[in-house]
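Data from my_file-v1.pdb: PDB, C-alpha atoms
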ATOM      1  CA  ASP C   1     121.503  77.761 119.698
ATOM      2  CA  GLU C   2     117.853  76.841 119.947
ATOM      3  CA  ALA C   3     115.958  77.619 116.727
ATOM      4  CA  ILE C   4     113.095  80.112 116.895
ATOM      5  CA  SER C   5     109.613  78.829 116.016
ATOM      6  CA  LEU C   6     107.708  81.154 113.681
ATOM      7  CA  ASP C   7     104.049  82.129 113.394
ATOM      8  CA  GLY C   8     101.611  82.962 110.603
ATOM      9  CA  GLU C   9     101.980  81.065 107.321
ATOM     10  CA  PHE C  10     105.253  79.617 108.629
ATOM     11  CA  ARG C  11     103.837  78.599 111.982
ATOM     12  CA  HIS C  12     106.085  76.047 113.735
ATOM     13  CA  TRP C  13     108.780  76.403 111.049
ATOM     14  CA  GLN C  14     112.375  77.147 111.948
ATOM     15  CA  GLU C  15     113.890  80.329 110.536
ATOM     16  CA  HIS C  16     116.537  78.658 108.399
ATOM     17  CA  ASN C  17     113.922  76.358 106.826
ATOM     18  CA  ARG C  18     111.683  79.357 106.119
ATOM     19  CA  ASP C  19     114.558  81.241 104.540
ATOM     20  CA  GLU C  20     115.494  78.352 102.256
ATOM     21  CA  LYS C  21     111.863  77.919 101.196
ATOM     22  CA  VAL C  22     111.623  81.613 100.279
ATOM     23  CA  ARG C  23     114.933  81.473  98.393
ATOM     24  CA  GLN C  24     113.717  78.408  96.472
ATOM     25  CA  MET C  25     110.621  80.266  95.263
ATOM     26  CA  ALA C  26     112.603  83.408  94.459
ATOM     27  CA  LYS C  27     115.034  81.380  92.343
ATOM     28  CA  GLY C  28     112.144  80.027  90.267
ATOM     29  CA  ILE C  29     110.924  83.483  89.193
ATOM     30  CA  ASP C  30     114.202  85.443  89.106
ATOM     31  CA  ARG C  31     114.190  85.707  85.308
ATOM     32  CA  ASP C  32     114.574  88.687  83.001
ATOM     33  CA  ASP C  33     111.884  87.376  80.644
ATOM     34  CA  LEU C  34     109.252  88.019  83.324
ATOM     35  CA  PHE C  35     107.956  91.476  84.214
ATOM     36  CA  GLU C  36     107.306  92.524  87.799
ATOM     37  CA  ILE C  37     104.770  95.246  88.548
ATOM     38  CA  GLY C  38     105.090  96.721  92.010
ATOM     39  CA  VAL C  39     102.919  99.501  93.385
ATOM     40  CA  ALA C  40     102.585 101.026  96.837
ATOM     41  CA  LEU C  41     100.288 103.754  98.133
ATOM     42  CA  ASP C  42     100.934 106.432 100.753
ATOM     43  CA  LEU C  43      98.047 105.841 103.192
ATOM     44  CA  VAL C  44      98.611 109.110 105.075
ATOM     45  CA  ALA C  45      98.385 111.072 101.838
ATOM     46  CA  TYR C  46      95.387 108.986 100.813
ATOM     47  CA  GLU C  47      93.431 110.017 103.910
ATOM     48  CA  THR C  48      94.440 113.636 103.353
ATOM     49  CA  VAL C  49      93.145 113.680  99.769
ATOM     50  CA  PHE C  50      90.214 111.255  99.741
ATOM     51  CA  GLY C  51      89.284 111.107 103.416
ATOM     52  CA  PRO C  52      87.120 114.280 103.210
ATOM     53  CA  TRP C  53      85.022 112.879 100.345
ATOM     54  CA  GLU C  54      81.390 112.529 101.353
ATOM     55  CA  ALA C  55      79.723 109.191 100.690
ATOM     56  CA  ILE C  56      77.769 109.035  97.446
ATOM     57  CA  LYS C  57      75.094 106.550  96.445
ATOM     58  CA  GLY C  58      76.601 103.108  95.966
ATOM     59  CA  GLY C  59      79.947 104.109  97.448
ATOM     60  CA  HIS C  60      82.960 104.848  95.310
ATOM     61  CA  GLY C  61      86.092 102.921  94.378
ATOM     62  CA  LEU C  62      88.339 105.801  95.441
ATOM     63  CA  ARG C  63      87.144 105.280  99.004
ATOM     64  CA  HIS C  64      89.126 102.037  99.045
ATOM     65  CA  PRO C  65      92.910 102.203  98.444
ATOM     66  CA  TYR C  66      92.954  98.459  97.674
ATOM     67  CA  LEU C  67      90.819  99.073  94.583
ATOM     68  CA  MET C  68      93.076 101.911  93.474
ATOM     69  CA  LEU C  69      96.043  99.543  93.589
ATOM     70  CA  CYS C  70      94.113  96.864  91.678
ATOM     71  CA  GLU C  71      93.262  99.350  88.945
ATOM     72  CA  TYR C  72      96.860 100.526  88.665
ATOM     73  CA  VAL C  73      98.145  96.959  88.277
ATOM     74  CA  LEU C  74      95.518  96.303  85.608
ATOM     75  CA  SER C  75      96.479  99.437  83.657
ATOM     76  CA  VAL C  76     100.207  98.663  83.706
ATOM     77  CA  CYS C  77      99.577  95.039  82.672
ATOM     78  CA  VAL C  78      97.585  96.247  79.663
ATOM     79  CA  THR C  79     100.267  98.806  78.772
ATOM     80  CA  GLU C  80     103.000  96.162  78.933
ATOM     81  CA  ALA C  81     100.951  93.691  76.873
ATOM     82  CA  VAL C  82     100.463  96.278  74.120
ATOM     83  CA  LYS C  83     104.163  97.152  74.273
ATOM     84  CA  ARG C  84     105.029  93.478  73.737
ATOM     85  CA  GLY C  85     102.780  93.272  70.677
ATOM     86  CA  GLU C  86      99.976  91.214  72.220
ATOM     87  CA  THR C  87      96.634  91.361  70.416
ATOM     88  CA  LYS C  88      94.539  88.893  72.439
ATOM     89  CA  PRO C  89      93.019  89.250  75.919
ATOM     90  CA  ILE C  90      95.402  88.639  78.790
ATOM     91  CA  GLU C  91      94.426  87.071  82.115
ATOM     92  CA  ILE C  92      94.881  88.785  85.435
ATOM     93  CA  VAL C  93      94.477  87.042  88.789
ATOM     94  CA  TYR C  94      94.165  88.827  92.124
ATOM     95  CA  ASP C  95      94.373  87.377  95.597
ATOM     96  CA  GLU C  96      90.961  86.344  96.904
ATOM     97  CA  HIS C  97      89.391  89.268  98.753
ATOM     98  CA  LYS C  98      85.713  88.760  99.504
ATOM     99  CA  LYS C  99      85.211  92.339 100.707
ATOM    100  CA  TYR C 100      86.356  93.969  97.460
ATOM    101  CA  ARG C 101      85.850  91.268  94.850
ATOM    102  CA  HIS C 102      82.307  92.341  93.956
ATOM    103  CA  MET C 103      83.208  96.043  93.970
ATOM    104  CA  PHE C 104      86.140  95.522  91.613
ATOM    105  CA  ALA C 105      84.007  93.362  89.307
ATOM    106  CA  GLU C 106      81.500  96.215  89.058
ATOM    107  CA  ALA C 107      84.240  98.791  88.526
ATOM    108  CA  TYR C 108      85.737  96.619  85.791
ATOM    109  CA  LYS C 109      82.767  97.448  83.553
ATOM    110  CA  TYR C 110      83.820 101.092  83.756
ATOM    111  CA  TYR C 111      87.444 100.218  82.991
ATOM    112  CA  LEU C 112      86.317  98.481  79.798
ATOM    113  CA  GLU C 113      84.257 101.502  78.791
ATOM    114  CA  SER C 114      87.172 103.850  79.465
ATOM    115  CA  GLU C 115      89.310 101.988  76.907
ATOM    116  CA  GLN C 116      86.769 102.232  74.065
ATOM    117  CA  GLY C 117      88.851 104.921  72.368
ATOM    118  CA  HIS C 118      91.986 102.780  72.518
ATOM    119  CA  PRO C 119      91.364  99.639  70.434
ATOM    120  CA  GLU C 120      94.894  98.292  70.942
ATOM    121  CA  ARG C 121      94.394  98.372  74.717
ATOM    122  CA  LEU C 122      90.819  97.123  74.571
ATOM    123  CA  ALA C 123      91.987  94.124  72.524
ATOM    124  CA  VAL C 124      94.202  92.870  75.345
ATOM    125  CA  MET C 125      91.909  93.747  78.257
ATOM    126  CA  PRO C 126      90.974  90.606  80.228
ATOM    127  CA  PHE C 127      87.426  89.363  79.775
ATOM    128  CA  GLN C 128      87.156  89.683  83.548
ATOM    129  CA  ALA C 129      89.393  89.803  86.591
ATOM    130  CA  TRP C 130      89.903  86.509  88.408
ATOM    131  CA  PHE C 131      90.280  86.038  92.153
ATOM    132  CA  ARG C 132      91.994  82.971  93.580
ATOM    133  CA  ASP C 133      93.097  81.655  96.954
ATOM    134  CA  ASP C 134      96.866  81.952  97.255
ATOM    135  CA  LYS C 135      96.961  78.601  99.053
ATOM    136  CA  ASP C 136      95.770  76.968  95.825
ATOM    137  CA  PHE C 137      97.329  79.283  93.231
ATOM    138  CA  VAL C 138     101.104  79.179  93.664
ATOM    139  CA  MET C 139     101.805  82.202  91.451
ATOM    140  CA  LEU C 140      99.985  84.353  93.999
ATOM    141  CA  GLN C 141     102.340  83.038  96.665
ATOM    142  CA  ALA C 142     105.253  84.368  94.607
ATOM    143  CA  ALA C 143     103.477  87.723  94.259
ATOM    144  CA  ASP C 144     102.873  87.823  98.019
ATOM    145  CA  MET C 145     106.558  87.128  98.611
ATOM    146  CA  LEU C 146     107.592  90.108  96.488
ATOM    147  CA  ALA C 147     104.860  92.318  97.963
ATOM    148  CA  GLY C 148     106.055  91.458 101.456
ATOM    149  CA  GLU C 149     109.606  92.410 100.568
ATOM    150  CA  THR C 150     108.394  95.733  99.135
ATOM    151  CA  ARG C 151     106.287  96.392 102.214
ATOM    152  CA  LEU C 152     109.183  95.837 104.615
ATOM    153  CA  ALA C 153     111.946  97.562 102.652
ATOM    154  CA  PRO C 154     111.253 101.213 103.587
ATOM    155  CA  VAL C 155     110.133 100.737 107.210
ATOM    156  CA  ASP C 156     111.810  99.932 110.479
ATOM    157  CA  ASP C 157     108.857  98.557 112.452
ATOM    158  CA  LYS C 158     109.528  95.069 111.126
ATOM    159  CA  ILE C 159     112.737  93.342 110.160
ATOM    160  CA  PRO C 160     112.776  91.721 106.680
ATOM    161  CA  PRO C 161     113.300  87.960 107.015
ATOM    162  CA  LEU C 162     116.080  87.970 104.422
ATOM    163  CA  LYS C 163     118.791  90.583 104.079
ATOM    164  CA  GLU C 164     119.503  89.945 100.420
ATOM    165  CA  VAL C 165     117.420  91.407  97.598
ATOM    166  CA  LEU C 166     115.011  88.841  96.190
ATOM    167  CA  CYS C 167     114.847  88.385  92.408
ATOM    168  CA  PRO C 168     117.364  91.022  91.182
ATOM    169  CA  LYS C 169     116.947  89.977  87.521
ATOM    170  CA  LEU C 170     113.173  90.291  87.758
ATOM    171  CA  LYS C 171     113.381  93.709  89.408
ATOM    172  CA  ALA C 172     115.843  95.003  86.806
ATOM    173  CA  SER C 173     113.303  94.427  84.035
ATOM    174  CA  GLY C 174     110.228  95.373  86.076
ATOM    175  CA  HIS C 175     108.236  98.418  87.117
ATOM    176  CA  PHE C 176     107.620 100.041  90.496
ATOM    177  CA  LYS C 177     105.402 102.981  91.388
ATOM    178  CA  LEU C 178     104.687 104.810  94.621
ATOM    179  CA  ILE C 179     101.316 106.553  94.393
ATOM    180  CA  ASN C 180     102.047 109.740  96.337
ATOM    181  CA  GLU C 181     100.012 112.779  97.343
ATOM    182  CA  HIS C 182     100.748 114.590  94.070
ATOM    183  CA  ASP C 183      99.381 111.642  92.060
ATOM    184  CA  MET C 184      96.265 111.408  94.217
ATOM    185  CA  ARG C 185      95.503 115.130  94.023
ATOM    186  CA  ALA C 186      95.715 114.918  90.233
ATOM    187  CA  LEU C 187      93.348 111.945  90.295
ATOM    188  CA  ASP C 188      91.026 113.788  92.674
ATOM    189  CA  LEU C 189      90.742 116.729  90.255
ATOM    190  CA  TYR C 190      90.224 114.433  87.268
ATOM    191  CA  VAL C 191      87.446 112.441  88.925
ATOM    192  CA  ARG C 192      85.693 115.569  90.201
ATOM    193  CA  ALA C 193      85.827 117.073  86.715
ATOM    194  CA  GLU C 194      84.494 113.867  85.146
ATOM    195  CA  ILE C 195      81.606 113.624  87.624
ATOM    196  CA  ALA C 196      80.802 117.309  87.105
ATOM    197  CA  ARG C 197      80.810 116.760  83.338
ATOM    198  CA  GLN C 198      78.393 113.834  83.634
ATOM    199  CA  ARG C 199      76.104 115.872  85.894
ATOM    200  CA  GLY C 200      76.333 118.959  83.722
ATOM    201  CA  GLU C 201      77.714 120.945  86.664
ATOM    202  CA  ASP C 202      80.655 123.245  87.240
ATOM    203  CA  ILE C 203      83.554 121.433  88.924
ATOM    204  CA  SER C 204      83.430 123.885  91.845
ATOM    205  CA  ASP C 205      79.897 122.661  92.613
ATOM    206  CA  CYS C 206      80.820 118.976  92.527
ATOM    207  CA  GLY C 207      80.597 117.667  96.071
ATOM    208  CA  ILE C 208      81.775 114.088  96.491
TER     209      ILE C 208
END
Give the structure from this file in C-alpha coordinates form.
Amino acid sequence: DEAISLDGEFRHWQEHNRDEKVRQMAKGIDRDDLFEIGVALDLVAYETVFGPWEAIKGGHGLRHPYLMLCEYVLSVCVTEAVKRGETKPIEIVYDEHKKYRHMFAEAYKYYLESEQGHPERLAVMPFQAWFRDDKDFVMLQAADMLAGETRLAPVDDKIPPLKEVLCPKLKASGHFKLINEHDMRALDLYVRAEIARQRGEDISDCGI
(Lines of atoms letter the chains of each structure in order from A and count residues from 1; the text may use other names and numbers.)
(Lines give C-alpha, C1' and ligand atoms only; values in the text may rest on other atoms or scores of the structure.)
Protein backbone atom coordinates (compact mmCIF):
# COMPACT_ATOMS: atom_id res chain seq x y z
CA ASP A 1 0.00 0.00 0.00
CA GLU A 2 1.15 3.51 -0.77
CA ALA A 3 2.05 5.45 2.39
CA ILE A 4 0.09 8.60 3.18
CA SER A 5 2.02 11.88 3.28
CA LEU A 6 1.17 14.04 6.29
CA ASP A 7 0.85 17.78 6.81
CA GLY A 8 1.58 20.27 9.59
CA GLU A 9 4.65 19.63 11.76
CA PHE A 10 5.00 16.22 10.10
CA ARG A 11 4.64 17.54 6.57
CA HIS A 12 5.91 15.01 4.00
CA TRP A 13 6.42 12.35 6.69
CA GLN A 14 4.95 8.89 6.35
CA GLU A 15 2.52 7.76 9.05
CA HIS A 16 4.62 4.90 10.38
CA ASN A 17 7.67 7.19 10.71
CA ARG A 18 5.55 9.78 12.53
CA ASP A 19 4.20 7.14 14.88
CA GLU A 20 7.65 5.82 15.75
CA LYS A 21 8.92 9.36 16.37
CA VAL A 22 6.04 10.05 18.77
CA ARG A 23 6.58 6.72 20.55
CA GLN A 24 10.29 7.52 20.93
CA MET A 25 9.51 10.81 22.68
CA ALA A 26 6.81 9.23 24.83
CA LYS A 27 9.24 6.54 25.98
CA GLY A 28 11.68 9.21 27.16
CA ILE A 29 9.19 10.84 29.55
CA ASP A 30 7.09 7.83 30.60
CA ARG A 31 8.48 7.83 34.15
CA ASP A 32 6.75 7.79 37.52
CA ASP A 33 9.26 10.27 38.97
CA LEU A 34 7.84 12.99 36.72
CA PHE A 35 4.52 14.72 37.33
CA GLU A 36 2.12 15.54 34.51
CA ILE A 37 -0.34 18.41 34.89
CA GLY A 38 -3.18 18.31 32.40
CA VAL A 39 -6.01 20.83 32.25
CA ALA A 40 -8.81 21.40 29.77
CA LEU A 41 -11.54 24.03 29.66
CA ASP A 42 -15.14 23.76 28.47
CA LEU A 43 -15.32 26.58 25.89
CA VAL A 44 -19.12 26.45 25.61
CA ALA A 45 -19.46 26.88 29.36
CA TYR A 46 -16.80 29.58 29.27
CA GLU A 47 -18.82 31.69 26.82
CA THR A 48 -21.94 31.13 28.91
CA VAL A 49 -20.29 32.38 32.12
CA PHE A 50 -17.76 34.98 30.98
CA GLY A 51 -19.10 35.93 27.56
CA PRO A 52 -21.59 38.47 29.01
CA TRP A 53 -18.86 40.34 30.91
CA GLU A 54 -18.56 43.91 29.69
CA ALA A 55 -15.08 45.14 28.80
CA ILE A 56 -13.32 47.02 31.58
CA LYS A 57 -10.35 49.35 31.31
CA GLY A 58 -7.24 47.42 30.34
CA GLY A 59 -9.17 44.25 29.57
CA HIS A 60 -9.27 41.32 31.94
CA GLY A 61 -7.51 37.97 32.10
CA LEU A 62 -10.81 36.11 32.46
CA ARG A 63 -11.73 37.27 28.97
CA HIS A 64 -9.08 34.90 27.63
CA PRO A 65 -9.42 31.16 28.41
CA TYR A 66 -5.74 30.64 27.51
CA LEU A 67 -4.71 32.80 30.47
CA MET A 68 -7.05 30.90 32.78
CA LEU A 69 -5.32 27.66 31.79
CA CYS A 70 -1.88 29.22 32.30
CA GLU A 71 -2.83 30.34 35.79
CA TYR A 72 -4.19 26.91 36.70
CA VAL A 73 -0.98 25.19 35.58
CA LEU A 74 1.06 27.68 37.60
CA SER A 75 -1.02 27.10 40.74
CA VAL A 76 -0.79 23.30 40.52
CA CYS A 77 2.97 23.46 39.89
CA VAL A 78 3.42 25.55 43.03
CA THR A 79 1.19 23.20 45.05
CA GLU A 80 3.17 20.16 43.89
CA ALA A 81 6.50 21.86 44.61
CA VAL A 82 5.42 22.63 48.18
CA LYS A 83 4.14 19.07 48.57
CA ARG A 84 7.56 17.75 47.53
CA GLY A 85 9.32 19.92 50.11
CA GLU A 86 10.83 22.46 47.71
CA THR A 87 11.87 25.77 49.26
CA LYS A 88 13.46 27.57 46.29
CA PRO A 89 11.83 29.16 43.24
CA ILE A 90 10.86 26.76 40.48
CA GLU A 91 10.96 27.57 36.77
CA ILE A 92 7.95 27.37 34.52
CA VAL A 93 8.12 27.60 30.73
CA TYR A 94 5.13 28.17 28.47
CA ASP A 95 4.91 27.82 24.72
CA GLU A 96 5.68 31.10 22.95
CA HIS A 97 2.45 33.04 22.46
CA LYS A 98 3.02 36.64 21.41
CA LYS A 99 -0.64 37.59 21.83
CA TYR A 100 -0.85 36.62 25.51
CA ARG A 101 2.75 36.76 26.69
CA HIS A 102 2.59 40.39 27.80
CA MET A 103 -0.84 39.96 29.41
CA PHE A 104 0.29 36.96 31.44
CA ALA A 105 3.47 38.78 32.51
CA GLU A 106 1.31 41.62 33.85
CA ALA A 107 -1.09 39.22 35.54
CA TYR A 108 1.85 37.43 37.15
CA LYS A 109 2.42 40.45 39.40
CA TYR A 110 -1.06 39.86 40.82
CA TYR A 111 -0.37 36.15 41.29
CA LEU A 112 2.68 37.01 43.39
CA GLU A 113 0.65 39.42 45.50
CA SER A 114 -2.08 36.83 46.01
CA GLU A 115 0.43 34.45 47.62
CA GLN A 116 1.73 36.96 50.18
CA GLY A 117 -0.20 35.21 52.95
CA HIS A 118 1.28 31.84 52.04
CA PRO A 119 5.06 32.04 52.55
CA GLU A 120 5.64 28.37 51.67
CA ARG A 121 4.01 28.92 48.27
CA LEU A 122 5.61 32.31 47.72
CA ALA A 123 9.04 30.75 48.34
CA VAL A 124 8.69 28.44 45.35
CA MET A 125 6.93 30.85 43.00
CA PRO A 126 9.01 31.41 39.84
CA PHE A 127 10.73 34.77 39.56
CA GLN A 128 8.86 35.13 36.28
CA ALA A 129 7.19 32.96 33.68
CA TRP A 130 9.30 32.06 30.65
CA PHE A 131 8.07 31.68 27.08
CA ARG A 132 10.00 29.61 24.56
CA ASP A 133 9.61 28.39 21.00
CA ASP A 134 8.77 24.69 21.01
CA LYS A 135 10.99 24.20 17.96
CA ASP A 136 13.97 25.14 20.13
CA PHE A 137 12.83 23.85 23.53
CA VAL A 138 12.29 20.10 23.26
CA MET A 139 10.45 19.75 26.57
CA LEU A 140 7.64 21.86 25.11
CA GLN A 141 7.40 19.39 22.24
CA ALA A 142 6.75 16.64 24.79
CA ALA A 143 4.10 18.82 26.46
CA ASP A 144 2.47 19.48 23.08
CA MET A 145 2.41 15.74 22.41
CA LEU A 146 0.53 15.06 25.64
CA ALA A 147 -1.76 18.07 25.14
CA GLY A 148 -2.63 16.81 21.66
CA GLU A 149 -3.52 13.40 23.02
CA THR A 150 -5.74 15.00 25.68
CA ARG A 151 -7.40 17.21 23.09
CA LEU A 152 -8.28 14.30 20.81
CA ALA A 153 -9.31 11.75 23.44
CA PRO A 154 -12.90 12.90 24.12
CA VAL A 155 -13.89 14.00 20.60
CA ASP A 156 -14.77 12.27 17.37
CA ASP A 157 -14.03 15.05 14.88
CA LYS A 158 -10.42 13.94 14.62
CA ILE A 159 -8.84 10.53 14.89
CA PRO A 160 -5.90 10.24 17.34
CA PRO A 161 -2.73 9.26 15.46
CA LEU A 162 -1.96 6.47 17.92
CA LYS A 163 -4.47 4.10 19.46
CA GLU A 164 -2.42 3.27 22.53
CA VAL A 165 -2.27 5.49 25.61
CA LEU A 166 0.91 7.54 25.69
CA CYS A 167 2.96 7.60 28.90
CA PRO A 168 0.83 5.42 31.24
CA LYS A 169 3.38 5.66 34.09
CA LEU A 170 3.44 9.44 33.85
CA LYS A 171 -0.35 9.68 33.82
CA ALA A 172 -0.68 7.37 36.83
CA SER A 173 1.32 9.78 38.98
CA GLY A 174 -0.04 12.98 37.41
CA HIS A 175 -2.98 15.35 37.68
CA PHE A 176 -5.81 16.20 35.29
CA LYS A 177 -8.56 18.78 35.65
CA LEU A 178 -11.50 19.76 33.48
CA ILE A 179 -12.57 23.32 34.28
CA ASN A 180 -16.34 23.01 33.92
CA GLU A 181 -19.26 25.42 34.22
CA HIS A 182 -19.56 24.88 37.98
CA ASP A 183 -15.90 25.84 38.48
CA MET A 184 -16.25 28.93 36.30
CA ARG A 185 -19.41 30.15 38.03
CA ALA A 186 -17.62 29.87 41.37
CA LEU A 187 -14.70 31.84 39.94
CA ASP A 188 -17.10 34.41 38.48
CA LEU A 189 -18.66 35.03 41.91
CA TYR A 190 -15.27 35.22 43.61
CA VAL A 191 -13.86 37.74 41.14
CA ARG A 192 -17.01 39.89 41.25
CA ALA A 193 -16.88 39.90 45.04
CA GLU A 194 -13.17 40.81 45.04
CA ILE A 195 -13.68 43.67 42.57
CA ALA A 196 -16.66 44.92 44.58
CA ARG A 197 -14.56 44.80 47.75
CA GLN A 198 -11.78 46.84 46.13
CA ARG A 199 -14.30 49.39 44.86
CA GLY A 200 -16.16 49.52 48.15
CA GLU A 201 -19.37 48.43 46.40
CA ASP A 202 -22.02 45.81 46.98
CA ILE A 203 -21.46 42.73 44.81
CA SER A 204 -24.89 43.19 43.21
CA ASP A 205 -23.71 46.55 41.85
CA CYS A 206 -20.48 45.18 40.39
CA GLY A 207 -20.80 45.28 36.62
CA ILE A 208 -17.91 43.67 34.77
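Residues within 12 Å of C:Leu166, counting all atoms listed in the file and excluding same-chain residues fewer than 4 positions away, are C:Asp19, C:Val22, C:Arg23, C:Gln24, C:Met25, C:Ala26, C:Lys27, C:Gly28, C:Ile29, C:Asp30, C:Arg31, C:Glu36, C:Ala142, C:Ala143, C:Met145, C:Leu146, C:Ala147, C:Gly148, C:Glu149, C:Thr150, C:Ala153, C:Pro160, C:Pro161, C:Leu162, C:Leu170, C:Lys171, C:Ala172.
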With only C-alpha atoms as the basis for distance, which of C:Arg192, C:Lys169, C:Arg185, C:Lys135 is at the shortest distance from C:Val49? C:Arg185
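Applied to this file, the PyMOL selection byres ((chain C and resi 108) around 10) selects the residues Glu71, Leu74, His102, Met103, Phe104, Ala105, Glu106, Ala107, Lys109, Tyr110, Tyr111, Leu112, Glu113, Ser114, Pro126, Phe127, Gln128 and Ala129 of chain C.
Across the structure, atom CA of C:His12 and atom CA of C:Asp95 are spaced 24.4 Å apart.
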Please define a box with edges along x, y and z of the file around all atoms of stretch 45-54 of chain C given in the file, extend it by 8 Å on each side, and return its centre and edge lengths in Å to one decimal, as AutoDock Vina command-line options.
--center_x 89.9 --center_y 111.6 --center_z 101.8 --size_x 33.0 --size_y 21.3 --size_z 20.2
With distances taken over all atoms listed in the file, which residue among C:Lys88, C:Leu69, C:Tyr46, C:Arg199 lies nearest C:Phe176? C:Leu69
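Shortest atom-to-atom contact with C:Leu178 among C:Asp42, C:Glu80, C:Asp32, C:Glu96: C:Asp42, counting only C-alpha atoms.
Taking atom CA of C:His175 and atom CA of C:Val76 as endpoints, the distance between them is 8.7 Å.
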Skipping near chain neighbours, those fewer than 3 positions away, what residues fall within 10 Å of C:Thr48 using all atoms listed in the file, listed as a PyMOL selection string? chain C and resi 43-45+51-53+181+184-185
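Atom pair atom CA of C:Tyr100 / atom CA of C:Tyr66: separated by 8.0 Å.
You can rank C:Arg11, C:Arg151, C:Arg18, C:Arg101 by their closest distance to C:Leu41 using only C-alpha atoms, and at the top of that list sits C:Arg151.
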My list of candidates is C:Leu34, C:Val39, C:Ile92, C:Cys70. Which is closest to C:Val124 when distances are computed with all atoms listed in the file? C:Ile92
If we count only C-alpha atoms, what is near C:Cys77 at a cut-off of 8 Å, once residues fewer than 4 positions away on the same chain are taken out, given as number ranges by chain? C: 37, 73, 81
Written file, previous selection with C-alpha atoms, as a CSV table (one decimal), keeping the file's coordinate frame:
chain,number,residue,atom,x,y,z
C,37,ILE,CA,104.8,95.2,88.5
C,73,VAL,CA,98.1,97.0,88.3
C,81,ALA,CA,101.0,93.7,76.9
Residue neighbourhood C:Thr79, 12 Å, only C-alpha atoms, exclusion window fewer than 3 positions, as an NGL selection string: :C and (35 or 37 or 72-76 or 82-87 or 90 or 115 or 118 or 120-125 or 175)
Output file for the residues above (C-alpha atoms, as an mmCIF file, in the coordinates of the input):
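Just written: out.cif:
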data_model
loop_
_atom_site.group_PDB
_atom_site.id
_atom_site.type_symbol
_atom_site.label_atom_id
_atom_site.label_comp_id
_atom_site.auth_asym_id
_atom_site.auth_seq_id
_atom_site.Cartn_x
_atom_site.Cartn_y
_atom_site.Cartn_z
ATOM 1 C CA PHE C 35 107.956 91.476 84.214
ATOM 2 C CA ILE C 37 104.770 95.246 88.548
ATOM 3 C CA TYR C 72 96.860 100.526 88.665
ATOM 4 C CA VAL C 73 98.145 96.959 88.277
ATOM 5 C CA LEU C 74 95.518 96.303 85.608
ATOM 6 C CA SER C 75 96.479 99.437 83.657
ATOM 7 C CA VAL C 76 100.207 98.663 83.706
ATOM 8 C CA VAL C 82 100.463 96.278 74.120
ATOM 9 C CA LYS C 83 104.163 97.152 74.273
ATOM 10 C CA ARG C 84 105.029 93.478 73.737
ATOM 11 C CA GLY C 85 102.780 93.272 70.677
ATOM 12 C CA GLU C 86 99.976 91.214 72.220
ATOM 13 C CA THR C 87 96.634 91.361 70.416
ATOM 14 C CA ILE C 90 95.402 88.639 78.790
ATOM 15 C CA GLU C 115 89.310 101.988 76.907
ATOM 16 C CA HIS C 118 91.986 102.780 72.518
ATOM 17 C CA GLU C 120 94.894 98.292 70.942
ATOM 18 C CA ARG C 121 94.394 98.372 74.717
ATOM 19 C CA LEU C 122 90.819 97.123 74.571
ATOM 20 C CA ALA C 123 91.987 94.124 72.524
ATOM 21 C CA VAL C 124 94.202 92.870 75.345
ATOM 22 C CA MET C 125 91.909 93.747 78.257
ATOM 23 C CA HIS C 175 108.236 98.418 87.117
#
Taking into account all atoms listed in the file, which residue in the set C:Ala193, C:Val138, C:His16, C:Pro89 is nearest to C:Pro119? C:Pro89
